Structure formats: structure tokens, C-alpha cells
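The file target11.json comes next; it holds JSON, C-alpha atoms.
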```json
[["chain", "number", "residue", "atom", "x", "y", "z"],
["A", 19, "MET", "CA", -1.11, -5.19, 9.76],
["A", 20, "HIS", "CA", -0.69, -2.34, 12.18],
["A", 21, "LEU", "CA", -3.86, -0.69, 13.43],
["A", 22, "THR", "CA", -2.20, 2.72, 13.68],
["A", 23, "LEU", "CA", -1.76, 2.79, 9.89],
["A", 24, "ALA", "CA", -5.52, 2.73, 9.37],
["A", 25, "LEU", "CA", -6.18, 5.15, 12.22],
["A", 26, "VAL", "CA", -3.60, 7.69, 10.98],
["A", 27, "LEU", "CA", -5.05, 7.52, 7.45],
["A", 28, "SER", "CA", -8.50, 8.05, 8.90],
["A", 29, "ALA", "CA", -7.33, 11.02, 10.99],
["A", 30, "LEU", "CA", -5.63, 12.64, 8.01],
["A", 31, "LEU", "CA", -8.72, 12.11, 5.82],
["A", 32, "PHE", "CA", -10.84, 13.74, 8.51],
["A", 33, "ALA", "CA", -8.43, 16.69, 8.70],
["A", 34, "ALA", "CA", -8.61, 17.10, 4.92],
["A", 35, "GLY", "CA", -12.40, 17.14, 5.27],
["A", 36, "VAL", "CA", -12.23, 19.78, 8.00],
["A", 37, "TYR", "CA", -10.01, 21.96, 5.82],
["A", 38, "GLY", "CA", -12.37, 21.50, 2.87],
["A", 39, "VAL", "CA", -15.48, 22.40, 4.86],
["A", 40, "LEU", "CA", -13.82, 25.57, 6.16],
["A", 41, "VAL", "CA", -12.23, 26.72, 2.91],
["A", 42, "ARG", "CA", -14.86, 25.98, 0.28],
["A", 43, "ARG", "CA", -17.53, 28.51, -0.63],
["A", 44, "ASN", "CA", -19.20, 26.45, -3.35],
["A", 45, "ALA", "CA", -21.87, 24.38, -1.58],
["A", 46, "VAL", "CA", -21.38, 21.32, -3.81],
["A", 47, "ALA", "CA", -17.63, 21.27, -3.12],
["A", 48, "LEU", "CA", -18.44, 21.66, 0.57],
["A", 49, "LEU", "CA", -20.64, 18.54, 0.47],
["A", 50, "MET", "CA", -17.69, 16.63, -1.02],
["A", 51, "ALA", "CA", -15.55, 17.59, 1.99],
["A", 52, "VAL", "CA", -18.33, 16.35, 4.30],
["A", 53, "GLU", "CA", -18.24, 13.02, 2.45],
["A", 54, "LEU", "CA", -14.50, 12.79, 3.14],
["A", 55, "MET", "CA", -15.15, 13.16, 6.87],
["A", 56, "LEU", "CA", -17.87, 10.48, 6.81],
["A", 57, "ASN", "CA", -15.49, 8.11, 5.03],
["A", 58, "ALA", "CA", -12.82, 8.74, 7.64],
["A", 59, "ALA", "CA", -15.28, 7.57, 10.31],
["A", 60, "ASN", "CA", -16.13, 4.52, 8.18],
["A", 61, "LEU", "CA", -12.48, 3.52, 7.91],
["A", 62, "ASP", "CA", -12.16, 3.69, 11.69],
["A", 63, "LEU", "CA", -15.24, 1.49, 12.14],
["A", 64, "VAL", "CA", -13.95, -1.16, 9.74],
["A", 65, "ALA", "CA", -10.44, -1.11, 11.23],
["A", 66, "PHE", "CA", -11.71, -1.56, 14.79],
["A", 67, "ASP", "CA", -14.05, -4.32, 13.64],
["A", 68, "ALA", "CA", -11.06, -6.25, 12.28],
["A", 69, "TRP", "CA", -8.98, -5.48, 15.36],
["A", 70, "PHE", "CA", -11.58, -6.67, 17.87],
["A", 71, "LYS", "CA", -12.46, -9.72, 15.72],
["A", 72, "ASP", "CA", -16.07, -8.77, 16.43],
["A", 73, "ARG", "CA", -18.29, -11.82, 16.09],
["A", 74, "LEU", "CA", -21.38, -9.72, 15.44],
["A", 75, "HIS", "CA", -19.47, -7.58, 12.90],
["A", 76, "SER", "CA", -21.03, -4.47, 14.40],
["A", 77, "GLY", "CA", -18.27, -2.23, 13.01],
["A", 78, "GLN", "CA", -18.85, -3.23, 9.41],
["A", 79, "THR", "CA", -22.63, -3.14, 9.88],
["A", 80, "LEU", "CA", -22.39, 0.34, 11.34],
["A", 81, "ALA", "CA", -20.23, 1.33, 8.37],
["A", 82, "LEU", "CA", -23.02, 0.14, 6.07],
["A", 83, "PHE", "CA", -25.53, 2.26, 7.99],
["A", 84, "VAL", "CA", -23.20, 5.26, 7.73],
["A", 85, "VAL", "CA", -23.15, 4.75, 3.95],
["A", 86, "VAL", "CA", -26.97, 4.75, 3.95],
["A", 87, "ILE", "CA", -27.10, 7.93, 6.04],
["A", 88, "ALA", "CA", -24.51, 9.54, 3.75],
["A", 89, "ALA", "CA", -26.61, 8.75, 0.68],
["A", 90, "ALA", "CA", -29.67, 10.30, 2.32],
["A", 91, "GLU", "CA", -27.61, 13.31, 3.41],
["A", 92, "VAL", "CA", -26.29, 13.91, -0.09],
["A", 93, "GLY", "CA", -29.78, 13.65, -1.56],
["A", 94, "VAL", "CA", -31.32, 16.16, 0.83],
["A", 95, "GLY", "CA", -28.20, 18.35, 0.80],
["A", 96, "LEU", "CA", -28.18, 18.66, -2.97],
["A", 97, "ALA", "CA", -31.92, 19.40, -2.93],
["A", 98, "ILE", "CA", -31.25, 22.26, -0.51],
["A", 99, "VAL", "CA", -28.34, 23.48, -2.67],
["A", 100, "LEU", "CA", -30.57, 23.45, -5.75],
["A", 101, "ALA", "CA", -33.29, 25.37, -3.90],
["A", 102, "LEU", "CA", -30.64, 27.91, -2.82],
["A", 103, "PHE", "CA", -29.43, 28.19, -6.39],
["A", 104, "ARG", "CA", -32.97, 28.79, -7.68],
["A", 105, "MET", "CA", -33.51, 31.51, -5.07],
["A", 106, "ARG", "CA", -30.20, 33.36, -5.31],
["A", 107, "ASP", "CA", -28.63, 32.25, -8.59],
["A", 108, "SER", "CA", -25.49, 31.36, -6.67],
["A", 109, "VAL", "CA", -24.32, 28.52, -4.46],
["A", 110, "ALA", "CA", -21.71, 30.52, -2.52],
["A", 111, "VAL", "CA", -22.29, 29.69, 1.12],
["A", 112, "ASP", "CA", -20.77, 32.93, 2.42],
["A", 113, "GLU", "CA", -23.43, 34.93, 0.58],
["A", 114, "ALA", "CA", -26.27, 33.06, 2.28],
["A", 115, "ILE", "CA", -25.99, 34.92, 5.57],
["A", 116, "ASP", "CA", -29.67, 35.60, 6.31],
["A", 117, "LEU", "CA", -29.60, 33.40, 9.39],
["A", 118, "ALA", "CA", -26.19, 34.55, 10.58],
["A", 119, "ASP", "CA", -25.86, 36.42, 13.86],
["A", 120, "ARG", "CA", -24.27, 39.62, 12.68],
["A", 121, "ASP", "CA", -25.18, 43.24, 11.99],
["A", 122, "PRO", "CA", -28.14, 43.59, 9.64],
["A", 123, "VAL", "CA", -26.14, 45.59, 7.11],
["A", 124, "ARG", "CA", -25.26, 43.15, 4.40],
["A", 125, "ARG", "CA", -21.51, 42.90, 4.15],
["A", 126, "PRO", "CA", -20.33, 43.67, 0.62],
["A", 127, "VAL", "CA", -19.22, 40.42, -0.95],
["A", 128, "GLU", "CA", -15.76, 40.47, -2.44],
["A", 129, "GLN", "CA", -15.97, 41.09, -6.14],
["A", 130, "THR", "CA", -14.90, 38.16, -8.26],
["A", 131, "GLN", "CA", -11.95, 38.60, -10.51],
["B", 3, "MET", "CA", 6.07, -4.78, 8.11],
["B", 4, "THR", "CA", 4.04, -7.29, 6.16],
["B", 5, "GLY", "CA", 2.60, -7.30, 2.67],
["B", 6, "ALA", "CA", -0.72, -6.05, 4.00],
["B", 7, "ASP", "CA", 1.05, -3.07, 5.57],
["B", 8, "VAL", "CA", 2.71, -2.20, 2.27],
["B", 9, "VAL", "CA", -0.51, -2.51, 0.25],
["B", 10, "PHE", "CA", -2.48, -0.53, 2.81],
["B", 11, "GLY", "CA", 0.21, 2.16, 2.93],
["B", 12, "LEU", "CA", 0.28, 2.57, -0.84],
["B", 13, "LEU", "CA", -3.52, 2.69, -1.05],
["B", 14, "GLY", "CA", -3.50, 5.16, 1.83],
["B", 15, "ILE", "CA", -1.07, 7.45, 0.02],
["B", 16, "VAL", "CA", -3.25, 7.39, -3.11],
["B", 17, "CYS", "CA", -6.37, 8.01, -1.02],
["B", 18, "LEU", "CA", -4.84, 10.87, 0.93],
["B", 19, "ALA", "CA", -3.38, 12.57, -2.14],
["B", 20, "ALA", "CA", -6.74, 12.33, -3.90],
["B", 21, "ALA", "CA", -8.49, 13.70, -0.80],
["B", 22, "LEU", "CA", -6.12, 16.69, -0.71],
["B", 23, "LEU", "CA", -6.81, 17.29, -4.40],
["B", 24, "VAL", "CA", -10.56, 17.10, -3.70],
["B", 25, "VAL", "CA", -10.33, 19.98, -1.25],
["B", 26, "THR", "CA", -7.83, 22.05, -3.28],
["B", 27, "ALA", "CA", -8.95, 21.58, -6.90],
["B", 28, "ARG", "CA", -9.90, 24.77, -8.73],
["B", 29, "ASN", "CA", -12.76, 23.11, -10.60],
["B", 30, "VAL", "CA", -15.77, 21.38, -9.02],
["B", 31, "ILE", "CA", -15.85, 18.70, -11.72],
["B", 32, "HIS", "CA", -12.17, 17.88, -11.15],
["B", 33, "ALA", "CA", -12.83, 17.69, -7.41],
["B", 34, "ALA", "CA", -15.68, 15.22, -7.99],
["B", 35, "LEU", "CA", -13.46, 13.06, -10.22],
["B", 36, "TRP", "CA", -10.68, 13.05, -7.60],
["B", 37, "LEU", "CA", -13.36, 11.97, -5.14],
["B", 38, "VAL", "CA", -13.78, 8.82, -7.29],
["B", 39, "VAL", "CA", -10.04, 8.05, -6.94],
["B", 40, "CYS", "CA", -10.20, 8.65, -3.18],
["B", 41, "PHE", "CA", -13.22, 6.40, -2.66],
["B", 42, "GLY", "CA", -11.76, 3.70, -4.91],
["B", 43, "ALA", "CA", -8.52, 3.61, -2.92],
["B", 44, "LEU", "CA", -10.58, 3.54, 0.27],
["B", 45, "ALA", "CA", -12.50, 0.51, -1.06],
["B", 46, "GLY", "CA", -9.11, -1.16, -1.54],
["B", 47, "CYS", "CA", -8.27, -0.33, 2.09],
["B", 48, "TYR", "CA", -11.52, -2.03, 3.18],
["B", 49, "LEU", "CA", -10.53, -5.11, 1.18],
["B", 50, "VAL", "CA", -7.17, -5.24, 2.98],
["B", 51, "LEU", "CA", -9.07, -5.00, 6.29],
["B", 52, "THR", "CA", -11.16, -8.07, 5.24],
["B", 53, "ALA", "CA", -14.34, -6.00, 4.90],
["B", 54, "GLU", "CA", -15.29, -7.36, 1.51],
["B", 55, "PHE", "CA", -18.98, -6.45, 1.45],
["B", 56, "VAL", "CA", -18.35, -2.92, 2.74],
["B", 57, "ALA", "CA", -15.80, -2.45, -0.05],
["B", 58, "TRP", "CA", -18.31, -3.35, -2.75],
["B", 59, "VAL", "CA", -20.98, -1.22, -1.12],
["B", 60, "GLN", "CA", -18.45, 1.63, -1.15],
["B", 61, "VAL", "CA", -17.89, 1.14, -4.88],
["B", 62, "LEU", "CA", -21.59, 0.79, -5.68],
["B", 63, "ILE", "CA", -23.04, 3.57, -3.54],
["B", 64, "TYR", "CA", -20.23, 6.10, -3.18],
["B", 65, "ILE", "CA", -18.59, 5.89, -6.60],
["B", 66, "GLY", "CA", -21.76, 4.84, -8.40],
["B", 67, "ALA", "CA", -24.38, 7.02, -6.76],
["B", 68, "VAL", "CA", -22.97, 9.75, -4.54],
["B", 69, "VAL", "CA", -20.31, 11.03, -6.94],
["B", 70, "VAL", "CA", -22.78, 10.96, -9.83],
["B", 71, "LEU", "CA", -25.20, 12.95, -7.67],
["B", 72, "MET", "CA", -22.39, 15.43, -6.93],
["B", 73, "LEU", "CA", -21.69, 15.78, -10.65],
["B", 74, "PHE", "CA", -25.41, 16.36, -11.27],
["B", 75, "GLY", "CA", -25.42, 19.00, -8.56],
["B", 76, "ALA", "CA", -22.32, 20.69, -9.97],
["B", 77, "MET", "CA", -23.80, 20.79, -13.44],
["B", 78, "LEU", "CA", -27.28, 21.88, -12.36],
["B", 79, "THR", "CA", -25.72, 24.79, -10.48],
["B", 80, "ARG", "CA", -23.70, 25.70, -13.58],
["B", 81, "ALA", "CA", -20.38, 25.19, -11.86],
["B", 82, "PRO", "CA", -17.92, 25.19, -14.78],
["B", 83, "ILE", "CA", -19.75, 27.60, -17.05],
["B", 84, "GLY", "CA", -21.30, 30.99, -16.58],
["B", 85, "ARG", "CA", -19.99, 33.44, -14.03],
["B", 86, "GLN", "CA", -16.83, 31.81, -12.74],
["B", 87, "GLN", "CA", -16.83, 32.24, -9.01],
["B", 88, "PRO", "CA", -13.74, 31.45, -6.98],
["B", 89, "LEU", "CA", -14.23, 28.07, -5.36],
["B", 90, "ASP", "CA", -12.53, 28.96, -2.11],
["B", 91, "SER", "CA", -13.41, 31.60, 0.42],
["B", 92, "THR", "CA", -10.94, 34.14, 1.74],
["B", 93, "ASN", "CA", -10.29, 32.39, 5.05],
["B", 94, "ARG", "CA", -7.79, 29.92, 3.62],
["B", 95, "PRO", "CA", -5.03, 30.50, 6.26],
["B", 96, "VAL", "CA", -7.46, 29.96, 9.14],
["B", 97, "ALA", "CA", -8.87, 26.86, 7.47],
["B", 98, "ALA", "CA", -5.37, 25.48, 6.86],
["B", 99, "LEU", "CA", -4.50, 26.15, 10.50],
["B", 100, "ALA", "CA", -7.64, 24.36, 11.70],
["B", 101, "GLY", "CA", -7.00, 21.43, 9.38],
["B", 102, "LEU", "CA", -3.37, 21.08, 10.46],
["B", 103, "ALA", "CA", -4.34, 21.36, 14.12],
["B", 104, "THR", "CA", -7.00, 18.64, 13.68],
["B", 105, "ALA", "CA", -4.49, 16.40, 11.91],
["B", 106, "GLY", "CA", -1.82, 16.97, 14.56],
["B", 107, "ILE", "CA", -4.11, 16.35, 17.51],
["B", 108, "LEU", "CA", -5.79, 13.26, 16.05],
["B", 109, "VAL", "CA", -2.57, 11.65, 14.78],
["B", 110, "THR", "CA", -0.81, 12.25, 18.09],
["B", 111, "LEU", "CA", -3.80, 10.84, 19.95],
["B", 112, "VAL", "CA", -4.22, 7.64, 17.92],
["B", 113, "VAL", "CA", -0.49, 6.94, 17.76],
["B", 114, "ALA", "CA", -0.18, 7.39, 21.51],
["B", 115, "SER", "CA", -3.28, 5.29, 22.21],
["B", 116, "PHE", "CA", -2.86, 2.37, 19.80],
["B", 117, "LYS", "CA", 0.91, 2.10, 19.43],
["B", 118, "GLY", "CA", 1.77, -1.50, 18.61],
["B", 119, "ALA", "CA", -1.83, -2.65, 18.17],
["B", 120, "TYR", "CA", -1.85, -5.35, 15.55],
["B", 121, "VAL", "CA", -4.73, -6.50, 13.36],
["B", 122, "ASP", "CA", -4.42, -10.21, 12.64],
["B", 123, "ILE", "CA", -6.15, -10.15, 9.28],
["B", 124, "HIS", "CA", -5.22, -13.77, 8.49],
["B", 125, "HIS", "CA", -7.28, -15.20, 11.33],
["B", 126, "THR", "CA", -10.33, -12.99, 11.19],
["B", 127, "GLU", "CA", -13.64, -13.85, 9.59],
["B", 128, "VAL", "CA", -13.96, -12.22, 6.17],
["B", 129, "GLY", "CA", -16.94, -9.86, 6.11],
["B", 130, "ASP", "CA", -18.52, -11.18, 2.92],
["B", 131, "GLY", "CA", -22.17, -10.96, 1.91],
["B", 132, "ARG", "CA", -23.26, -13.99, 3.92],
["B", 133, "VAL", "CA", -21.65, -12.81, 7.15],
["B", 134, "LEU", "CA", -22.85, -9.22, 6.83],
["B", 135, "GLY", "CA", -26.32, -10.35, 5.77],
["B", 136, "THR", "CA", -26.56, -12.52, 8.87],
["B", 137, "ALA", "CA", -25.39, -9.64, 11.05],
["B", 138, "VAL", "CA", -27.81, -7.11, 9.55],
["B", 139, "PHE", "CA", -30.91, -9.31, 9.43],
["B", 140, "ARG", "CA", -30.37, -11.18, 12.67],
["B", 141, "TYR", "CA", -28.87, -8.68, 15.12],
["B", 142, "PHE", "CA", -29.45, -5.24, 13.59],
["B", 143, "VAL", "CA", -32.83, -5.70, 11.93],
["B", 144, "LEU", "CA", -34.47, -2.89, 13.91],
["B", 145, "ALA", "CA", -31.76, -0.46, 12.81],
["B", 146, "PHE", "CA", -32.25, -1.73, 9.26],
["B", 147, "GLU", "CA", -35.97, -0.90, 9.40],
["B", 148, "VAL", "CA", -35.26, 2.54, 10.86],
["B", 149, "ALA", "CA", -32.72, 3.16, 8.08],
["B", 150, "SER", "CA", -35.32, 2.27, 5.44],
["B", 151, "VAL", "CA", -37.81, 4.71, 6.96],
["B", 152, "LEU", "CA", -35.05, 7.36, 7.03],
["B", 153, "LEU", "CA", -34.30, 6.77, 3.35],
["B", 154, "LEU", "CA", -38.00, 7.14, 2.52],
["B", 155, "ALA", "CA", -38.17, 10.38, 4.49],
["B", 156, "ALA", "CA", -35.04, 11.69, 2.75],
["B", 157, "LEU", "CA", -36.52, 10.76, -0.63],
["B", 158, "VAL", "CA", -39.79, 12.58, 0.07],
["B", 159, "GLY", "CA", -37.89, 15.52, 1.53],
["B", 160, "ALA", "CA", -35.66, 15.85, -1.52],
["B", 161, "ILE", "CA", -38.70, 15.77, -3.84],
["B", 162, "VAL", "CA", -40.53, 18.39, -1.77],
["B", 163, "LEU", "CA", -37.47, 20.65, -1.66],
["B", 164, "THR", "CA", -36.76, 20.55, -5.39],
["B", 165, "ARG", "CA", -40.38, 20.85, -6.52],
["B", 166, "SER", "CA", -41.15, 24.26, -7.94],
["B", 167, "ASP", "CA", -44.09, 26.03, -6.34],
["B", 168, "ARG", "CA", -45.78, 27.04, -9.54],
["B", 169, "ASP", "CA", -47.28, 23.73, -10.60]]
```
Show me, as C-alpha cells, the structure contained in the file I just sent.
Amino acid sequence: MHLTLALVLSALLFAAGVYGVLVRRNAVALLMAVELMLNAANLDLVAFDAWFKDRLHSGQTLALFVVVIAAAEVGVGLAIVLALFRMRDSVAVDEAIDLADRDPVRRPVEQTQ
Amino acid sequence: MTGADVVFGLLGIVCLAAALLVVTARNVIHAALWLVVCFGALAGCYLVLTAEFVAWVQVLIYIGAVVVLMLFGAMLTRAPIGRQQPLDSTNRPVAALAGLATAGILVTLVVASFKGAYVDIHHTEVGDGRVLGTAVFRYFVLAFEVASVLLLAALVGAIVLTRSDRD
């Protein structure tokens, strides 16, 4: 099969992840978009492994390690999100601006409908 | 255009549509369930690319563990009930522009770089459990040990972060 098929799918998945990370304000939904980007990288690794006919199977092994890292990332990420929720009663990432480099006056958050 | 191309293309369409629904769904729970569809189709793509063990790991860990963890997170943060906050921020046009620009640049790049590259999946070694086990425990065993230490650190870190300070 053609390698470009896998690479284009991977690129489009990554772009969907980029859009999701930028557009979401719920932290849990944002983590899902990060997972999409990690999976796009995984698909690339597996596709190049098959293309190179790698005898060590380093692409697939690296994909396995990416899965491990992703599991750890989700665990710690959700722990941070839960800590944020306990502190602020909200998981909106654009309200957590204490570390942002902007004027100290807290910008009024848009009222929800 | 072979059978593998057709199967991969169909799975890719399902995967991409589910991914777009993940990032556009109005409800966090729906987004997590579309994530299951996306990861399942991606596991099928791995099977077409002869990465059998990676496909099952994808099903076990992503669909079985990560999505369930996401659902736990969505429910513990009272996503569908209580004060219904809009899921998206106000910078949707900028985000769409950035996403489209990323897609355009990456697709142009990979098509220009790998035009005509062909994966001969009929004459490649299938990455089953035996092959991947040999690779991990013979050539990548140091990385395997480091990954186990990382998982332990992540476990301890998650427990420390979620522990309440009062007890």
C-alpha cells in the first residue's frame, strides 16, 4: 500500500489535535486532543517501520513506548485537572491565568449563556 | 490501488471523521465516546500495516484504559451536569486557521517527500508478540526499564496530586 496514505492520515489527525488543543477550554477535552496528536505520531512510527522493513522493529517498539508515556501523561494530567477543579470549581483553562504573562487585573471572563 | 489501500482508506476516513467529532462535540462524554471510534479505527490501520501487537496494545491501553480514565475525569469534574459551561473558547476562528495551516503544510510536505513510496506489506515480518517481545527485551531493554521507572513516578505523582491535604 502507498506510504503517503498513512502519512496524510497522520498529518490530518495531528491537525485535528492542534485545532482541538487551541479551541477547547475544558481541560479534559483538551487532554483528548493531545491524545489525538500522540496517536498521529504513533501512526507515522508504525508506517515507517513497515516501509523500512526494520529488522529491529524500532518503529513499533517506539510506538509501544509512546503508548506507555501517553498513559502516564493522562494519569498525571487528570490528577492536575482534578486538583484544579478542587481549587477553582471549574476546569476552564482560560480562567486559570495566574501564571500568564499579562496585566495583573483579572480579565472578566465571558459570562456563560 | 490494492485491497490494503482500500481498507486503509476506509479506516482512515472513519478515524478522521471520529477525530473531527472529538474536537467539535458539544458534550465531553460524546467526545470521549468518539475517541473510542477513532482509536478503534486506528488499531485497524495498525493491523493493515502489519503491526499486530501494537494494534492490540492500542485496543487494550487506549480504548480500555485511557478513554475510561477520560470518562472518569469528565464525570469527576461534573462535565455534563451542574453549571453548563461552553466547551469551546472564543478563539475558534484562530484555532481553525491554525489547524488548517498545520494540515496544509504537513500534507503538502509528506506528499512532496514520499510521493510513490510503497510499503510492501506482503513481504514484511508481521510484528506479533514474539517479534516485538524479542525487540523490546533484547535491543530496547534499557528503555523498557526507564519506562517502568517513569510509570512508577507518574503513579506516585498522580497519588500525591490527588491526595487531599486534610488527612
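In this model, the gap between atom CA of A:Leu21 and atom CA of B:Leu108 comes to 14.3 Å.
Every residue of chain A that lies within 6 Å of chain B is listed here, counting all atoms listed in the file: Met19, His20, Leu21, Val26, Ala29, Leu30, Ala33, Val36, Tyr37, Gly38, Leu40, Val41, Arg42, Arg43, Asn44, Trp69, Lys71, Leu74, Ala90, Val94 and Ala97 of chain A.
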Task: Point-to-point distance from atom CA of B:Gly131 to atom CA of B:Leu49, Å rounded to tenths - done: 13.0 Å
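Atom CA of A:Ala81 is positioned 5.2 Å from atom CA of A:Asn60.
Comparing A:Leu23, A:Val111, A:Leu80, A:Val46 by their smallest distance to A:Gly93, the closest is A:Val46 (using only C-alpha atoms).
Of the residues listed (A:Leu27, A:Met50, A:Val85, A:Ala65), A:Val85 shows the shortest atom-to-atom separation from B:Leu62; distances use only C-alpha atoms.
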